[in-house]
file query.tsv (TSV, C-alpha atoms and all ligand atoms)
chain	number	residue	atom	x	y	z
A	1	MET	CA	-44.37	-3.53	2.29
A	2	LYS	CA	-42.44	-3.91	5.51
A	3	LEU	CA	-44.07	-2.85	8.78
A	4	LEU	CA	-41.62	-0.94	10.96
A	5	ASP	CA	-42.74	-2.24	14.33
A	6	GLY	CA	-41.91	0.42	16.90
A	7	LYS	CA	-43.59	-1.45	19.71
A	8	ALA	CA	-41.46	-4.58	19.33
A	9	THR	CA	-38.29	-2.55	18.69
A	10	SER	CA	-38.94	-0.41	21.76
A	11	LEU	CA	-39.34	-3.55	23.85
A	12	ASP	CA	-36.02	-4.90	22.50
A	13	ILE	CA	-34.31	-1.64	23.49
A	14	GLN	CA	-35.98	-1.64	26.90
A	15	ASN	CA	-34.76	-5.19	27.51
A	16	GLU	CA	-31.22	-4.10	26.56
A	17	ILE	CA	-31.47	-1.17	29.00
A	18	LYS	CA	-32.73	-3.55	31.69
A	19	VAL	CA	-29.57	-5.65	31.30
A	20	ASN	CA	-27.43	-2.46	31.46
A	21	VAL	CA	-29.18	-1.46	34.69
A	22	GLU	CA	-28.63	-4.88	36.25
A	23	GLU	CA	-24.92	-4.66	35.38
A	24	LEU	CA	-24.70	-1.15	36.84
A	25	ILE	CA	-26.33	-2.21	40.06
A	26	SER	CA	-24.00	-5.21	40.40
A	27	ALA	CA	-21.10	-2.80	39.91
A	28	GLY	CA	-22.35	-0.75	42.87
A	29	HIS	CA	-24.14	2.08	41.02
A	30	LYS	CA	-27.55	3.31	42.10
A	31	LYS	CA	-30.62	2.79	39.90
A	32	PRO	CA	-31.13	5.51	37.26
A	33	HIS	CA	-33.96	7.80	38.39
A	34	LEU	CA	-36.32	9.70	36.05
A	35	ALA	CA	-38.78	12.31	37.30
A	36	ALA	CA	-41.72	13.71	35.37
A	37	ILE	CA	-43.72	16.84	36.10
A	38	ILE	CA	-47.27	16.92	34.81
A	39	VAL	CA	-49.42	20.04	35.07
A	40	GLY	CA	-53.21	19.74	34.91
A	41	ASP	CA	-55.30	16.78	33.87
A	42	ASN	CA	-55.06	16.59	30.08
A	43	PRO	CA	-55.99	12.91	29.46
A	44	ALA	CA	-53.50	12.47	26.57
A	45	SER	CA	-50.62	13.93	28.64
A	46	ARG	CA	-51.58	11.70	31.56
A	47	ALA	CA	-51.54	8.65	29.31
A	48	TYR	CA	-48.10	9.56	27.86
A	49	VAL	CA	-46.59	10.14	31.30
A	50	GLY	CA	-48.19	6.91	32.55
A	51	HIS	CA	-46.46	4.97	29.74
A	52	LYS	CA	-43.11	6.58	30.63
A	53	ILE	CA	-43.42	5.73	34.34
A	54	LYS	CA	-44.46	2.16	33.49
A	55	ALA	CA	-41.45	1.79	31.18
A	56	CYS	CA	-39.15	2.97	34.02
A	57	ALA	CA	-40.44	0.12	36.17
A	58	HIS	CA	-39.90	-2.34	33.32
A	59	VAL	CA	-36.21	-1.46	32.89
A	60	GLY	CA	-35.49	-1.19	36.62
A	61	PHE	CA	-35.29	2.62	36.94
A	62	ASP	CA	-36.68	4.54	39.87
A	63	SER	CA	-39.27	7.12	38.88
A	64	THR	CA	-41.02	10.05	40.50
A	65	LEU	CA	-44.21	11.62	39.18
A	66	ILE	CA	-44.97	15.16	40.30
A	67	GLU	CA	-48.58	16.10	39.63
A	68	LEU	CA	-49.41	19.80	39.78
A	69	SER	CA	-52.65	21.73	39.45
A	70	SER	CA	-53.38	23.53	36.18
A	71	ASN	CA	-53.71	26.74	38.26
A	72	ILE	CA	-50.05	26.69	39.26
A	73	GLU	CA	-48.22	30.00	38.77
A	74	GLU	CA	-45.23	30.08	36.43
A	75	GLU	CA	-42.87	30.99	39.30
A	76	GLN	CA	-44.09	28.04	41.39
A	77	LEU	CA	-43.46	25.69	38.46
A	78	ILE	CA	-39.95	27.11	38.07
A	79	ASP	CA	-39.43	26.39	41.80
A	80	GLU	CA	-40.45	22.77	41.21
A	81	VAL	CA	-38.00	22.56	38.29
A	82	ASN	CA	-35.25	24.02	40.47
A	83	GLN	CA	-35.91	21.48	43.19
A	84	LEU	CA	-35.40	18.68	40.66
A	85	ASN	CA	-32.31	20.44	39.30
A	86	HIS	CA	-30.76	20.32	42.78
A	87	ASN	CA	-32.06	16.89	43.83
A	88	LYS	CA	-29.05	14.57	43.64
A	89	GLU	CA	-31.29	11.48	43.58
A	90	ILE	CA	-32.81	12.51	40.23
A	91	ASP	CA	-30.66	11.85	37.16
A	92	GLY	CA	-32.97	13.42	34.61
A	93	PHE	CA	-36.48	14.81	34.35
A	94	ILE	CA	-39.10	15.99	31.92
A	95	VAL	CA	-41.90	18.51	32.04
A	96	GLN	CA	-44.75	16.99	30.03
A	97	LEU	CA	-46.00	19.33	27.31
A	98	PRO	CA	-48.27	21.08	26.54
A	99	LEU	CA	-48.46	23.39	29.56
A	100	PRO	CA	-51.49	25.58	30.37
A	101	ASP	CA	-51.71	28.77	28.29
A	102	HIS	CA	-50.73	31.11	31.16
A	103	ILE	CA	-47.31	29.42	31.44
A	104	ASP	CA	-44.46	30.26	29.07
A	105	GLU	CA	-43.23	26.83	27.93
A	106	GLN	CA	-39.85	28.14	26.81
A	107	LYS	CA	-39.24	29.75	30.21
A	108	ILE	CA	-39.89	26.41	31.92
A	109	LEU	CA	-37.77	24.37	29.50
A	110	GLN	CA	-34.91	26.84	29.87
A	111	ALA	CA	-35.04	26.49	33.66
A	112	ILE	CA	-34.10	22.79	33.39
A	113	LEU	CA	-30.40	22.08	33.86
A	114	PRO	CA	-29.08	20.92	30.45
A	115	GLU	CA	-27.40	17.90	32.07
A	116	LYS	CA	-30.76	16.74	33.44
A	117	ASP	CA	-32.73	17.65	30.27
A	118	VAL	CA	-33.45	14.11	29.08
A	119	ASP	CA	-36.10	15.37	26.63
A	120	GLY	CA	-33.33	17.32	24.86
A	121	PHE	CA	-35.46	20.48	24.58
A	122	HIS	CA	-33.13	22.95	26.38
A	123	PRO	CA	-31.44	25.47	24.02
A	124	VAL	CA	-28.02	24.12	25.08
A	125	ASN	CA	-28.96	20.62	23.91
A	126	ALA	CA	-30.72	21.93	20.80
A	127	GLY	CA	-27.65	24.06	20.00
A	128	LYS	CA	-25.27	21.14	20.50
A	129	LEU	CA	-27.40	19.04	18.16
A	130	SER	CA	-27.22	21.72	15.48
A	131	LEU	CA	-23.42	21.86	15.88
A	132	GLY	CA	-23.08	18.09	15.78
A	133	LEU	CA	-21.81	17.94	19.37
A	134	PRO	CA	-22.81	15.15	21.81
A	135	SER	CA	-26.05	16.07	23.57
A	136	PHE	CA	-29.34	14.67	24.77
A	137	LEU	CA	-31.22	14.12	21.52
A	138	PRO	CA	-34.97	14.84	21.43
A	139	ALA	CA	-36.57	11.46	21.96
A	140	THR	CA	-38.99	11.35	19.02
A	141	PRO	CA	-36.57	12.12	16.16
A	142	ALA	CA	-33.85	10.05	17.85
A	143	GLY	CA	-36.33	7.17	18.08
A	144	ILE	CA	-37.06	7.44	14.36
A	145	VAL	CA	-33.35	7.26	13.50
A	146	GLU	CA	-32.98	4.26	15.82
A	147	LEU	CA	-35.94	2.53	14.17
A	148	LEU	CA	-34.45	3.12	10.70
A	149	ASP	CA	-31.17	1.72	12.00
A	150	ARG	CA	-32.68	-1.39	13.54
A	151	TYR	CA	-34.47	-2.15	10.26
A	152	ASN	CA	-31.31	-1.40	8.25
A	153	VAL	CA	-33.01	1.30	6.20
A	154	GLU	CA	-30.35	2.96	4.04
A	155	THR	CA	-30.48	6.74	4.38
A	156	SER	CA	-27.21	7.90	2.80
A	157	GLY	CA	-27.84	9.91	-0.37
A	158	LYS	CA	-31.61	9.54	-0.05
A	159	HIS	CA	-34.07	12.42	-0.31
A	160	ALA	CA	-35.97	12.78	2.97
A	161	VAL	CA	-38.98	15.07	3.18
A	162	VAL	CA	-40.00	16.13	6.69
A	163	LEU	CA	-43.53	17.48	7.10
A	164	GLY	CA	-43.61	19.83	10.10
A	165	ARG	CA	-40.98	22.17	11.56
A	166	SER	CA	-41.68	22.08	15.31
A	167	SER	CA	-38.73	22.42	17.65
A	168	ILE	CA	-39.44	19.02	19.22
A	169	VAL	CA	-39.97	16.90	16.10
A	170	GLY	CA	-39.64	18.39	12.59
A	171	THR	CA	-36.61	20.66	13.02
A	172	PRO	CA	-34.39	18.22	15.00
A	173	MET	CA	-35.47	15.46	12.59
A	174	THR	CA	-34.03	17.40	9.65
A	175	LEU	CA	-30.78	17.93	11.58
A	176	LEU	CA	-30.43	14.24	12.42
A	177	LEU	CA	-31.19	13.04	8.90
A	178	SER	CA	-28.82	15.51	7.25
A	179	ARG	CA	-25.81	15.08	9.59
A	180	ASN	CA	-22.75	13.17	8.47
A	181	ALA	CA	-23.47	10.06	10.53
A	182	LYS	CA	-24.91	6.57	10.36
A	183	ARG	CA	-28.59	6.83	9.32
A	184	GLY	CA	-27.89	10.42	8.29
A	185	ASN	CA	-26.45	11.83	5.06
A	186	CYS	CA	-29.88	12.44	3.58
A	187	THR	CA	-30.72	15.39	1.39
A	188	VAL	CA	-33.54	16.89	3.44
A	189	THR	CA	-36.48	19.08	2.50
A	190	ILE	CA	-38.52	20.53	5.37
A	191	CYS	CA	-42.15	21.47	4.70
A	192	HIS	CA	-44.67	23.43	6.76
A	193	SER	CA	-48.05	25.08	6.45
A	194	LYS	CA	-46.78	27.70	3.97
A	195	THR	CA	-45.17	25.13	1.63
A	196	GLN	CA	-46.61	25.21	-1.87
A	197	ASN	CA	-47.14	22.18	-4.11
A	198	LEU	CA	-46.53	19.86	-1.18
A	199	SER	CA	-47.54	16.71	-3.05
A	200	ASP	CA	-44.99	17.42	-5.79
A	201	ILE	CA	-42.31	17.54	-3.11
A	202	THR	CA	-43.41	14.45	-1.17
A	203	ARG	CA	-43.63	12.44	-4.40
A	204	GLN	CA	-39.88	12.99	-4.87
A	205	ALA	CA	-39.08	11.59	-1.42
A	206	ASP	CA	-37.37	8.30	-0.68
A	207	ILE	CA	-38.25	8.86	2.98
A	208	VAL	CA	-41.27	10.81	4.24
A	209	ILE	CA	-41.58	11.82	7.90
A	210	ALA	CA	-45.06	13.13	8.69
A	211	ALA	CA	-45.22	15.25	11.88
A	212	ILE	CA	-48.02	17.74	11.43
A	213	GLY	CA	-50.90	16.58	13.62
A	214	ARG	CA	-53.59	16.17	10.94
A	215	PRO	CA	-55.33	12.81	10.65
A	216	HIS	CA	-54.81	10.98	7.34
A	217	PHE	CA	-53.21	14.07	5.74
A	218	VAL	CA	-50.67	12.03	3.75
A	219	THR	CA	-52.51	10.13	1.05
A	220	ALA	CA	-51.28	7.46	-1.39
A	221	ASP	CA	-51.02	9.89	-4.32
A	222	MET	CA	-48.41	11.88	-2.32
A	223	ILE	CA	-46.03	8.92	-2.02
A	224	LYS	CA	-43.51	7.48	-4.47
A	225	PRO	CA	-43.91	3.70	-4.74
A	226	GLY	CA	-41.39	1.99	-2.47
A	227	ALA	CA	-40.79	5.04	-0.24
A	228	ILE	CA	-40.22	4.70	3.51
A	229	VAL	CA	-43.07	6.40	5.41
A	230	ILE	CA	-42.72	7.36	9.07
A	231	ASP	CA	-45.90	8.54	10.77
A	232	VAL	CA	-45.29	10.67	13.86
A	233	GLY	CA	-48.83	12.02	14.19
A	234	ILE	CA	-51.04	11.08	17.10
A	235	ASN	CA	-54.61	12.21	16.45
A	236	ARG	CA	-57.80	11.14	18.19
A	237	ILE	CA	-60.70	10.69	15.78
A	238	ASP	CA	-64.31	9.54	16.15
A	239	ASP	CA	-64.89	5.82	15.71
A	240	PRO	CA	-68.39	4.63	16.62
A	241	SER	CA	-67.19	1.00	16.40
A	242	LYS	CA	-65.06	1.55	19.54
A	243	LYS	CA	-66.47	1.41	23.04
A	244	SER	CA	-64.91	4.81	23.79
A	245	GLY	CA	-66.29	6.23	20.52
A	246	THR	CA	-62.78	7.33	19.45
A	247	ARG	CA	-59.46	5.88	18.34
A	248	LEU	CA	-55.91	7.06	17.71
A	249	THR	CA	-54.68	7.54	14.19
A	250	GLY	CA	-51.63	9.04	12.51
A	251	ASP	CA	-51.00	11.75	9.92
A	252	VAL	CA	-50.82	9.10	7.18
A	253	ASP	CA	-53.71	7.28	5.51
A	254	PHE	CA	-52.19	3.96	6.54
A	255	GLU	CA	-54.55	1.69	4.67
A	256	ALA	CA	-53.92	3.27	1.26
A	257	VAL	CA	-50.26	4.31	1.74
A	258	SER	CA	-49.19	0.90	3.09
A	259	LYS	CA	-50.18	-0.60	-0.27
A	260	ILE	CA	-47.47	1.36	-2.11
A	261	ALA	CA	-44.84	2.21	0.54
A	262	GLY	CA	-41.66	0.15	0.84
A	263	ALA	CA	-41.93	0.35	4.63
A	264	ILE	CA	-44.26	2.17	7.02
A	265	THR	CA	-44.82	2.72	10.74
A	266	PRO	CA	-48.25	2.07	12.22
A	267	VAL	CA	-50.10	4.33	14.68
A	268	PRO	CA	-50.29	3.26	17.41
A	269	GLY	CA	-47.25	1.01	17.75
A	270	GLY	CA	-44.75	2.95	15.63
A	271	VAL	CA	-42.96	6.13	16.64
A	272	GLY	CA	-44.70	6.52	20.04
A	273	PRO	CA	-43.04	3.52	21.75
A	274	MET	CA	-39.67	4.47	20.20
A	275	THR	CA	-39.97	7.89	21.86
A	276	ILE	CA	-40.27	6.19	25.24
A	277	ALA	CA	-37.27	3.93	24.57
A	278	MET	CA	-35.12	6.97	23.70
A	279	LEU	CA	-36.21	8.83	26.84
A	280	LEU	CA	-35.03	5.84	28.88
A	281	LYS	CA	-31.73	5.77	26.94
A	282	ASN	CA	-31.20	9.46	27.69
A	283	THR	CA	-31.91	8.88	31.38
A	284	LEU	CA	-29.43	6.01	31.51
A	285	LYS	CA	-26.88	8.29	29.83
A	286	ALA	CA	-27.61	11.09	32.35
A	287	SER	CA	-27.07	8.69	35.24
A	288	LEU	CA	-23.70	7.64	33.82
A	289	LEU	CA	-22.53	11.23	33.22
A	290	LYS	CA	-22.65	12.09	36.92
B	1	LIG	P1	-46.79	21.21	16.03
B	1	LIG	O1	-48.23	21.57	16.03
B	1	LIG	O2	-45.86	21.90	16.96
B	1	LIG	O3	-46.19	21.40	14.55
B	1	LIG	C1	-46.93	21.00	13.45
B	1	LIG	C2	-46.17	21.35	12.20
B	1	LIG	O4	-46.93	20.91	11.07
B	1	LIG	C3	-45.92	22.85	12.01
B	1	LIG	O5	-44.60	23.07	11.59
B	1	LIG	C4	-46.91	23.24	10.93
B	1	LIG	O6	-46.48	24.28	10.10
B	1	LIG	C5	-47.00	21.97	10.13
B	1	LIG	N1	-48.25	21.88	9.39
B	1	LIG	C6	-49.51	22.04	9.86
B	1	LIG	N2	-50.40	21.92	8.86
B	1	LIG	C7	-49.69	21.68	7.74
B	1	LIG	C8	-50.05	21.47	6.38
B	1	LIG	N3	-51.31	21.51	5.98
B	1	LIG	N4	-49.06	21.25	5.49
B	1	LIG	C9	-47.77	21.21	5.88
B	1	LIG	N5	-47.37	21.41	7.16
B	1	LIG	C10	-48.34	21.64	8.07
B	1	LIG	O7	-46.76	19.63	16.23
B	1	LIG	P2	-45.64	18.65	16.81
B	1	LIG	O8	-44.44	18.67	15.95
B	1	LIG	O9	-45.49	18.82	18.25
B	1	LIG	O10	-46.40	17.25	16.60
B	1	LIG	C11	-46.82	16.81	15.33
B	1	LIG	C12	-47.64	15.55	15.50
B	1	LIG	O11	-46.81	14.53	16.07
B	1	LIG	C13	-48.83	15.67	16.46
B	1	LIG	O12	-49.85	14.80	16.01
B	1	LIG	C14	-48.29	15.16	17.77
B	1	LIG	O13	-49.31	14.63	18.61
B	1	LIG	C15	-47.38	14.07	17.29
B	1	LIG	N6	-46.28	13.75	18.20
B	1	LIG	C16	-46.02	12.42	18.38
B	1	LIG	C17	-45.00	12.03	19.18
B	1	LIG	C18	-44.73	10.58	19.32
B	1	LIG	O14	-44.02	10.19	20.24
B	1	LIG	N7	-45.25	9.74	18.43
B	1	LIG	C19	-44.16	13.00	19.91
B	1	LIG	C20	-44.46	14.37	19.58
B	1	LIG	C21	-45.51	14.71	18.76
B	1	LIG	P3	-46.24	25.79	10.64
B	1	LIG	O15	-44.92	25.75	11.35
B	1	LIG	O16	-46.20	26.60	9.41
B	1	LIG	O17	-47.39	26.10	11.54
call {"tool": "encode", "arguments": {"input": "query.tsv", "output": "structure tokens", "more": "lines below"}}
Ligand code: NDP
result
Amino acid sequence: MKLLDGKATSLDIQNEIKVNVEELISAGHKKPHLAAIIVGDNPASRAYVGHKIKACAHVGFDSTLIELSSNIEEEQLIDEVNQLNHNKEIDGFIVQLPLPDHIDEQKILQAILPEKDVDGFHPVNAGKLSLGLPSFLPATPAGIVELLDRYNVETSGKHAVVLGRSSIVGTPMTLLLSRNAKRGNCTVTICHSKTQNLSDITRQADIVIAAIGRPHFVTADMIKPGAIVIDVGINRIDDPSKKSGTRLTGDVDFEAVSKIAGAITPVPGGVGPMTIAMLLKNTLKASLLK
């Protein structure tokens, strides 16, 4: 079994970006600048945004964090988005999800200018992806493709089974794996909560991508020996052995599945850090498009 180390790979990519930034600055360009809006005080969201801001510092980007109260009205949040849209100093920005229930997430994401949408969630970028046109790719599925590439995992002609059909992970993942491109050309099956006989389907997979948000859902009996297993899930579960009383775990029963998989990502240290590396890549791209 090969461990697909997202943490080390992300660091490699960040170091490459750092060199790109140094070259840009020597050539007279300004530093790329990422902004992030966070609404409310969800501890997980705060941690994710904190990692993104820290990564900006590592690669030499400027960053701006805009922290807003969970009581903010939808219109006020749209005003904040518009300010970033028009701010020439900002190359790209994200609105950390989830947003409070009284705010329509789609309305906010659609207010972001597509050329500053470094999360790749705007319908223009999602549409371009589905048409195979250049766009900002959603960071998590793009990070998975990059990880497969860096570990030379062959995808052409393979059967990939994607568990989950969300617009930010599962659906774009199926598009990326099925397109006629390097680390694409898979035959893809997408599964969701209404899928029947799920284990029969996953057992046929050469590559399994688990993005459902249920701890240890994918068990060893669901996996064909030698399959590549990518665990996107981030779930917090009780663990009395930890000082905090909890720990993070994925959607895959890592201990059992790693014994039969050909390669597997850990949680933490797998897809999460790759997501950050791809966000930085998108921001660098946005700064060069101007
Ligand atoms: P969503 O909740 O938006 O989507 C979950 C998907 O899983 C849905 O399509 C749902 O089906 C499907 N699903 C739920 N239960 C089952 C089941 N029993 N069998 C088959 N399918 C099921 O989640 P996200 O896509 O946003 O995130 C998925 C996981 O990935 C979460 O743990 C999240 O924290 C993590 N994540 C990790 C990231 C990273 O950087 N590592 C980035 C983004 C997310 P249906 O559509 O029918 O409801």
call {"tool": "residues_around", "arguments": {"input": "query.tsv", "residues": "A:Val218", "least_positions_apart": "6", "cutoff": "9 Å", "atoms": "only C-alpha atoms", "output": "ChimeraX atom specification"}}
result
/A:199,210,251-254,257
call {"tool": "residues_near_ligand", "arguments": {"input": "query.tsv", "ligand": "ligand LIG 1 (chain B)", "cutoff": "7 Å", "atoms": "only C-alpha atoms and all ligand atoms", "output": "PyMOL selection string"}}
result
chain A and resi 140+163-166+168-170+191-195+211-214+232-235+250-251+271-273+275
call {"tool": "residues_around", "arguments": {"input": "query.tsv", "residues": "A:Gly60", "least_positions_apart": "4", "cutoff": "10 Å", "atoms": "only C-alpha atoms", "output": "list of chain:residue names"}}
result
A:Gln14, A:Asn15, A:Ile17, A:Lys18, A:Val19, A:Asn20, A:Val21, A:Glu22, A:Ile25, A:Lys31, A:Pro32, A:His33, A:Ala55, A:Cys56
call {"tool": "closest_residue", "arguments": {"input": "query.tsv", "among": "A:Ile230, A:Leu175, A:Ile90, A:Ala142", "to": "A:Gly127", "atoms": "all atoms listed in the file"}}
result
A:Leu175
call {"tool": "residues_around", "arguments": {"input": "query.tsv", "residues": "A:Ala35", "least_positions_apart": "3", "cutoff": "7 Å", "atoms": "only C-alpha atoms", "output": "MDAnalysis selection string"}}
result
chainID A and resid 63:65 90 92:94
call {"tool": "atom_distance", "arguments": {"input": "query.tsv", "atom1": "atom CA of A:Asp119", "atom2": "atom CA of A:Phe136"}}
result
7.0 Å
call {"tool": "residues_around", "arguments": {"input": "query.tsv", "residues": "A:Thr155", "least_positions_apart": "2", "cutoff": "6 Å", "atoms": "all atoms listed in the file", "output": "MDAnalysis selection string"}}
result
chainID A and resid 158 183:184 186
call {"tool": "atom_distance", "arguments": {"input": "query.tsv", "atom1": "atom CA of A:Val208", "atom2": "atom CA of A:Leu129"}}
result
21.3 Å
call {"tool": "residues_near_point", "arguments": {"input": "query.tsv", "point": "(-47.2, -0.4, 6.9)", "cutoff": "9 Å", "atoms": "all atoms listed in the file", "output": "number ranges by chain"}}
result
A: 1-5, 229, 254-255, 257-259, 261-266
call {"tool": "residues_around", "arguments": {"input": "query.tsv", "residues": "A:Ala126", "least_positions_apart": "3", "cutoff": "10 Å", "atoms": "all atoms listed in the file", "output": "ChimeraX atom specification"}}
result
/A:114,120-123,129-133,135-138,167-168,171-172
call {"tool": "closest_residue", "arguments": {"input": "query.tsv", "among": "A:Ile53, A:Ala44, A:Ala8, A:Ile260", "to": "A:Leu248", "atoms": "only C-alpha atoms"}}
result
A:Ala44
call {"tool": "atom_distance", "arguments": {"input": "query.tsv", "atom1": "atom CA of A:Gln106", "atom2": "atom CA of A:Lys285"}}
result
23.9 Å
call {"tool": "closest_residue", "arguments": {"input": "query.tsv", "among": "A:Asn42, A:Ser241, A:Thr9, A:Ser70", "to": "A:Met278", "atoms": "only C-alpha atoms"}}
result
A:Thr9
call {"tool": "closest_residue", "arguments": {"input": "query.tsv", "among": "A:Ile37, A:Asn282, A:Arg150, A:Val59", "to": "A:Glu16", "atoms": "all atoms listed in the file"}}
result
A:Val59
call {"tool": "closest_residue", "arguments": {"input": "query.tsv", "among": "A:Ile78, A:Ile228, A:Val267, A:Ile201", "to": "A:Arg247", "atoms": "only C-alpha atoms"}}
result
A:Val267
call {"tool": "closest_residue", "arguments": {"input": "query.tsv", "among": "A:Pro225, A:Pro141, A:Pro100, A:Pro268", "to": "A:Gly6", "atoms": "only C-alpha atoms"}}
result
A:Pro268
call {"tool": "residues_near_point", "arguments": {"input": "query.tsv", "point": "(-30.7, 24.0, 34.1)", "cutoff": "10 Å", "atoms": "only C-alpha atoms", "output": "PyMOL selection string"}}
result
chain A and resi 81-82+84-86+108-117+122+124
call {"tool": "decode", "arguments": {"input": "query.tsv", "residues": "stretch 246-259 of chain A", "atoms": "C-alpha atoms", "output": "CSV table (one decimal), in the first residue's frame"}}
result
chain,number,residue,atom,x,y,z
A,246,THR,CA,-12.2,14.6,19.7
A,247,ARG,CA,-10.2,14.0,16.6
A,248,LEU,CA,-10.6,14.4,12.8
A,249,THR,CA,-11.3,11.4,10.7
A,250,GLY,CA,-12.3,10.7,7.1
A,251,ASP,CA,-15.1,8.9,5.3
A,252,VAL,CA,-12.9,5.8,5.0
A,253,ASP,CA,-12.1,3.2,7.6
A,254,PHE,CA,-8.4,3.9,7.1
A,255,GLU,CA,-7.0,1.1,9.3
A,256,ALA,CA,-8.9,-1.7,7.5
A,257,VAL,CA,-9.0,-0.2,4.0
A,258,SER,CA,-5.3,0.6,3.9
A,259,LYS,CA,-4.5,-3.1,4.3
